[in-house]
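Working notes, beginning with the structure itself.
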Amino acid sequence: MNIIRDLTLIANLATEREEENYDFRSFLKGKDDKKVDAIVHRLNEDISAQIDCTQCGNCCRSLMITLEKADTTRLSKHLGITKEDFEKKFVEKSAEDQTNIFNKIPCHFLDENKCTVYEARPNDCREFPHLHKPGFTSRLFSVIDNYGRCPIVFNVFEALKKRLRFKV
Ligand code: SF4
Ligand code: SF4
């Protein structure tokens, strides 16, 4: 399949295909969750292997990252500072639910397209774009939200449309 990696093109196509994507969301709601998961997992493996995240970094430039306690412990240790100093410098509470989040977008730790704390990065970063998890059809709102941001999500979603012979 023809993989699209260009972020501007992907963002433009996301705007153009907004209605189509919401129609596909409704189409997917009627499908067998487990079968859709199995297809998405295979597509994700295949497409992720063809996309180099170090040439992209768009999630690190645009996402709000949530920090669990273990992330703060691991990152402060990795940086050789106390948890208190780490929180003072890099963390704030989200207005929505008061969870800890990084206080800057793009992320403090992004250098060009690379993560400078890769081995110690937060769990939230490790899990993105979440396509390896079960329950794809229950997360379609966030999938569509990430479609115009992440080349992996974009290409998996487009391949899924083809695979399921989705017609608009
Ligand atoms: S910690 Fe690393 S992977 Fe996570 S958002 Fe920052 S730069 Fe990206
Ligand atoms: S996960 Fe997606 S948005 Fe993030 S760097 Fe990789 S391709 Fe880009």
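Letters A, B, ... mark the chains of the structure tokens in the order given; residue numbers begin at 1 per chain; ligand numbers begin at 1, in order shown.
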Within 7 Å of ligand 2, counting only C-alpha atoms and all ligand atoms: which residues, as a ChimeraX atom specification? /A:51-54,56-60,128-129,149-153
Range 84-87 of chain A surroundings by only C-alpha atoms, 10 Å radius, close-in-sequence under 5 positions cut, as a list in words: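 Returned residues: Thr72, Thr73, Leu75, Ser76, Lys77, Leu79, Glu92, Asn100, Ile101, Phe102 and Asn103 of chain A.
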Write the selection just made, keeping C-alpha atoms, as a PDB file, in the first residue's frame?
ATOM      1  CA  THR A  72       7.714  11.284  37.646  1.00  0.00           C
ATOM      2  CA  THR A  73       9.909   8.917  39.672  1.00  0.00           C
ATOM      3  CA  LEU A  75      12.063  10.758  34.778  1.00  0.00           C
ATOM      4  CA  SER A  76      13.431  12.673  37.781  1.00  0.00           C
ATOM      5  CA  LYS A  77      15.867   9.813  38.430  1.00  0.00           C
ATOM      6  CA  LEU A  79      17.500  13.553  34.854  1.00  0.00           C
ATOM      7  CA  GLU A  92       1.221  21.283  35.996  1.00  0.00           C
ATOM      8  CA  ASN A 100      -0.395  15.782  36.346  1.00  0.00           C
ATOM      9  CA  ILE A 101       0.582  16.793  32.814  1.00  0.00           C
ATOM     10  CA  PHE A 102       3.684  18.253  31.157  1.00  0.00           C
ATOM     11  CA  ASN A 103       3.478  22.045  31.358  1.00  0.00           C
TER      12      ASN A 103
END
Shell around Asn44 in chain A at 10 Å using only C-alpha atoms, local window under 3 positions removed, as a list of chain:residue names: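 Listed by chain and then number, they are A:Ala38, A:Ile39, A:Val40, A:His41, A:Ile47, A:Ser48, A:Ala49, A:Gln50, A:Pro129, A:His130, A:Leu131, A:His132, A:Ile152, A:Val153, A:Asn155, A:Val156, A:Phe157, A:Ala159.
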Surrounding residues of Arg139 in chain A excluding itself and chain neighbours under 2 positions, 12 Å, only C-alpha atoms, as a list in words: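 Counting only the stated atoms, we get Arg25, Leu28, Lys29, Asp33, Asp37, Pro129, His130, Leu131, Lys133, Pro134, Gly135, Phe136, Thr137, Phe141, Ser142, Val143, Ile144, Asp145 and Asn146 of chain A.
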Dump of C-alpha atoms for the selected residues, as a PDB file, in the first residue's frame:
ATOM      1  CA  ARG A  25     -17.111   5.635  12.606  1.00  0.00           C
ATOM      2  CA  LEU A  28     -17.591   0.492  12.363  1.00  0.00           C
ATOM      3  CA  LYS A  29     -20.039   0.640  15.266  1.00  0.00           C
ATOM      4  CA  ASP A  33     -15.267  -5.554  17.879  1.00  0.00           C
ATOM      5  CA  ASP A  37      -9.294  -5.313  16.622  1.00  0.00           C
ATOM      6  CA  PRO A 129      -1.096   5.906  19.202  1.00  0.00           C
ATOM      7  CA  HIS A 130      -2.867   3.087  21.097  1.00  0.00           C
ATOM      8  CA  LEU A 131      -3.565   0.936  18.025  1.00  0.00           C
ATOM      9  CA  LYS A 133      -4.745  -2.206  22.325  1.00  0.00           C
ATOM     10  CA  PRO A 134      -8.124  -3.957  22.329  1.00  0.00           C
ATOM     11  CA  GLY A 135     -11.314  -1.909  22.022  1.00  0.00           C
ATOM     12  CA  PHE A 136     -10.574   0.059  18.825  1.00  0.00           C
ATOM     13  CA  THR A 137     -14.272   0.631  18.089  1.00  0.00           C
ATOM     14  CA  PHE A 141     -13.498   9.586  18.719  1.00  0.00           C
ATOM     15  CA  SER A 142      -9.854   9.787  19.769  1.00  0.00           C
ATOM     16  CA  VAL A 143      -8.739   7.794  16.703  1.00  0.00           C
ATOM     17  CA  ILE A 144     -10.379  10.422  14.476  1.00  0.00           C
ATOM     18  CA  ASP A 145      -8.844  13.166  16.619  1.00  0.00           C
ATOM     19  CA  ASN A 146      -5.386  11.681  15.958  1.00  0.00           C
TER      20      ASN A 146
END
Within-8 Å residues of ligand 1, basis only C-alpha atoms and all ligand atoms, as a count of residues only: 25
Could you find all residues in range 82-122 of chain A that DSSP calls helix (DSSP H, G or I) from the backbone, and write them as a list in words?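 Restricting range 82-122 of chain A to helix (DSSP H, G or I) produces Lys83, Glu84, Asp85, Phe86, Glu87, Lys88, Lys89, Phe90, Tyr118, Glu119 and Ala120 of chain A.
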Writing out the chosen residues with N, CA and C atoms as a PDB file, in the first residue's frame:
ATOM      1  N   LYS A  83      12.206  14.692  42.721  1.00  0.00           N
ATOM      2  CA  LYS A  83      10.844  14.691  42.173  1.00  0.00           C
ATOM      3  C   LYS A  83      10.228  16.085  42.299  1.00  0.00           C
ATOM      4  N   GLU A  84      10.531  16.754  43.433  1.00  0.00           N
ATOM      5  CA  GLU A  84       9.978  18.095  43.666  1.00  0.00           C
ATOM      6  C   GLU A  84      10.469  19.064  42.593  1.00  0.00           C
ATOM      7  N   ASP A  85      11.768  19.016  42.307  1.00  0.00           N
ATOM      8  CA  ASP A  85      12.321  19.908  41.281  1.00  0.00           C
ATOM      9  C   ASP A  85      11.753  19.578  39.900  1.00  0.00           C
ATOM     10  N   PHE A  86      11.602  18.285  39.644  1.00  0.00           N
ATOM     11  CA  PHE A  86      11.038  17.859  38.354  1.00  0.00           C
ATOM     12  C   PHE A  86       9.626  18.448  38.204  1.00  0.00           C
ATOM     13  N   GLU A  87       8.829  18.315  39.274  1.00  0.00           N
ATOM     14  CA  GLU A  87       7.445  18.793  39.193  1.00  0.00           C
ATOM     15  C   GLU A  87       7.386  20.308  39.057  1.00  0.00           C
ATOM     16  N   LYS A  88       8.276  20.992  39.780  1.00  0.00           N
ATOM     17  CA  LYS A  88       8.301  22.457  39.701  1.00  0.00           C
ATOM     18  C   LYS A  88       8.607  22.926  38.278  1.00  0.00           C
ATOM     19  N   LYS A  89       9.544  22.237  37.662  1.00  0.00           N
ATOM     20  CA  LYS A  89      10.036  22.656  36.351  1.00  0.00           C
ATOM     21  C   LYS A  89       9.154  22.222  35.175  1.00  0.00           C
ATOM     22  N   PHE A  90       8.617  21.019  35.253  1.00  0.00           N
ATOM     23  CA  PHE A  90       8.029  20.433  34.046  1.00  0.00           C
ATOM     24  C   PHE A  90       6.545  20.060  34.146  1.00  0.00           C
ATOM     25  N   TYR A 118      14.120   9.194  25.984  1.00  0.00           N
ATOM     26  CA  TYR A 118      13.384   8.056  25.406  1.00  0.00           C
ATOM     27  C   TYR A 118      13.230   6.857  26.351  1.00  0.00           C
ATOM     28  N   GLU A 119      14.332   6.435  26.988  1.00  0.00           N
ATOM     29  CA  GLU A 119      14.272   5.228  27.847  1.00  0.00           C
ATOM     30  C   GLU A 119      13.383   5.479  29.067  1.00  0.00           C
ATOM     31  N   ALA A 120      13.263   6.730  29.462  1.00  0.00           N
ATOM     32  CA  ALA A 120      12.500   7.044  30.678  1.00  0.00           C
ATOM     33  C   ALA A 120      11.177   7.754  30.364  1.00  0.00           C
TER      34      ALA A 120
END
For a test of reading the model, state the distance in Å between CA of Lys167 in chain A and CA of Asn21 in chain A, rounded to one decimal.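 The value is 11.2 Å.
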Among the residues of range 100-150 of chain A, find those DSSP assigns to strand (DSSP E) from the backbone and print them as a PyMOL selection string. chain A and resi 100-102+110-111+114-115
Extract, using only C-alpha atoms, all DNA, RNA and protein residues at most 10 Å from Gly148 in chain A, discarding same-chain residues fewer than 3 positions from it, and format them as a ChimeraX atom specification. /A:7-15,17-18,143-145,151,153-154
With N, CA and C atoms retained, could you export that selection as a compact mmCIF listing (two decimals), in the first residue's frame?
# COMPACT_ATOMS: atom_id res chain seq x y z
N LEU A 7 3.10 15.41 6.74
CA LEU A 7 2.19 15.88 7.80
C LEU A 7 1.21 16.94 7.32
N THR A 8 1.66 17.80 6.39
CA THR A 8 0.75 18.85 5.88
C THR A 8 -0.36 18.21 5.05
N LEU A 9 0.03 17.26 4.20
CA LEU A 9 -0.97 16.56 3.38
C LEU A 9 -1.96 15.82 4.29
N ILE A 10 -1.45 15.17 5.30
CA ILE A 10 -2.32 14.42 6.22
C ILE A 10 -3.30 15.36 6.94
N ALA A 11 -2.79 16.50 7.39
CA ALA A 11 -3.67 17.47 8.07
C ALA A 11 -4.75 17.98 7.11
N ASN A 12 -4.37 18.24 5.86
CA ASN A 12 -5.35 18.72 4.88
C ASN A 12 -6.39 17.64 4.56
N LEU A 13 -5.93 16.41 4.41
CA LEU A 13 -6.86 15.31 4.11
C LEU A 13 -7.81 15.07 5.28
N ALA A 14 -7.31 15.30 6.49
CA ALA A 14 -8.17 15.12 7.68
C ALA A 14 -9.33 16.12 7.65
N THR A 15 -9.04 17.35 7.24
CA THR A 15 -10.10 18.36 7.15
C THR A 15 -11.08 17.96 6.05
N ARG A 17 -11.70 15.04 4.82
CA ARG A 17 -12.41 13.76 5.04
C ARG A 17 -13.13 13.68 6.38
N GLU A 18 -13.36 14.83 7.00
CA GLU A 18 -13.96 14.82 8.34
C GLU A 18 -15.32 14.09 8.33
N VAL A 143 -9.43 8.22 17.94
CA VAL A 143 -8.74 7.79 16.70
C VAL A 143 -8.90 8.89 15.64
N ILE A 144 -10.13 9.38 15.49
CA ILE A 144 -10.38 10.42 14.48
C ILE A 144 -9.65 11.71 14.87
N ASP A 145 -9.58 11.99 16.15
CA ASP A 145 -8.84 13.17 16.62
C ASP A 145 -7.36 13.07 16.24
N PRO A 151 0.76 9.99 11.30
CA PRO A 151 0.78 9.20 10.07
C PRO A 151 0.42 7.73 10.28
N VAL A 153 -1.76 6.49 12.52
CA VAL A 153 -3.23 6.43 12.63
C VAL A 153 -3.88 6.68 11.27
N PHE A 154 -3.40 7.71 10.58
CA PHE A 154 -3.96 8.04 9.27
C PHE A 154 -3.93 6.83 8.33
Which residue gives the smallest distance to Glu158 in chain A among A:Lys104, A:Ile4, A:Ala95, A:Glu19, with only C-alpha atoms counted? A:Ile4
